[in-house]
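S.K.: Below is one structure. I have some questions about it.
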Amino acid sequence: EEVYYFEPTDFLEEELRNMLNEKIKMSVKNYYDKYHAALRRIEDLESQLEGAPGGSRFDLMSCQDLGQVLRAMCVKFGAEATVLSLAENAPQEMEAWAAKSSKTAAGLEDELRRLKVALEKAEGEIQRARAEADRELEAAKSAAEAASE
């Protein structure tokens with residue numbers, strides 16, 4: 001198979017070709033300027049970060065906030081990998097935490113079951129009250145019709 005090279009601007013008039021080239025040059029200059037503005041912005045932000053209270057960058061080893069350290073680890077390695085690493089490095093503590101969490105979860109499940117039963121009971125009472133109200137309403141309507149006749 002033969003392949004032919006085809007230059008679309010060959011079929012444009014000279015004036016249109018020049019306009020197209022100018023547009024392309026303006027777009028390239030525009031994105032070049034935006035790129036360099038973004039680089040300057042990054043440099044400004046980095047210098048602000050270095051001048052911020054508490055030091056220049058997040059230092060894991062000197063950080064005293066465990067929550068901040070764990071958040072950084074979760075961002076860098078993912079939450080699952082962080083938890084698995086904790087389980088490998090502190091198995092007894094993680095097992096105790098898991099057991100405590102299981103007890104808490106079991107307690108919450110028991111509470112949920114209790115609340116579901118109470119909800120079903122309340123719904124049943126509401127249905128009975130509605131049925132009673134409907135019967136009383138019908139009796140009142142019948143009495144009103146009998147009285148008007």
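By order in the structure tokens, chains are A, B, ...; within a chain, residues start at 1; ligands start at 1, following the order shown.
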Quick one: DSSP helix (DSSP H, G or I) residues in chain A, as a PyMOL selection string?

M.R.: chain A and resi 8-11+14-51+66-77+79-89+91-148

S.K.: When you draw a straight line from atom CA of A:Leu20 to atom CA of A:Asp33, how long is it in Å?

M.R.: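 Straight-line distance from atom CA of A:Leu20 to atom CA of A:Asp33 works out to 19.9 Å.
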
S.K.: Write out, as CSV, each residue of stretch 16-77 of chain A that has an atom at most 9 Å from stretch 82-103 of chain A, together with the closest pair of atoms and their distance in Å to one decimal, counting only C-alpha atoms, rows going by chain and rising number.

M.R.:
```
residue,atom,partner,partner_atom,distance
A:Leu70,CA,A:Thr82,CA,7.9
A:Met73,CA,A:Thr82,CA,6.4
A:Cys74,CA,A:Thr82,CA,6.0
A:Phe77,CA,A:Thr82,CA,6.5
```

S.K.: Using N, CA, C and O atoms, can you write the selected residues to a file as a short mmCIF file (atom, residue, chain, number, x, y, z; two decimals), in the first residue's frame?

M.R.:
```
data_model
loop_
_atom_site.label_atom_id
_atom_site.label_comp_id
_atom_site.auth_asym_id
_atom_site.auth_seq_id
_atom_site.Cartn_x
_atom_site.Cartn_y
_atom_site.Cartn_z
N LEU A 70 -0.54 9.77 60.43
CA LEU A 70 -1.36 8.72 59.80
C LEU A 70 -2.01 9.21 58.52
O LEU A 70 -2.10 8.47 57.53
N MET A 73 0.58 9.11 55.89
CA MET A 73 0.85 7.73 55.46
C MET A 73 -0.29 7.22 54.57
O MET A 73 -0.04 6.52 53.58
N CYS A 74 -1.52 7.54 54.92
CA CYS A 74 -2.65 7.10 54.11
C CYS A 74 -2.62 7.75 52.73
O CYS A 74 -2.95 7.10 51.73
N PHE A 77 0.60 5.96 50.97
CA PHE A 77 0.56 4.52 50.73
C PHE A 77 -0.85 3.95 50.58
O PHE A 77 -1.01 2.79 50.22
#
```

S.K.: Please report the interatomic distance between atom CA of A:Lys29 and atom CA of A:Leu16 in Å with one decimal.

M.R.: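 Atom-to-atom, atom CA of A:Lys29 to atom CA of A:Leu16, that is 19.8 Å.
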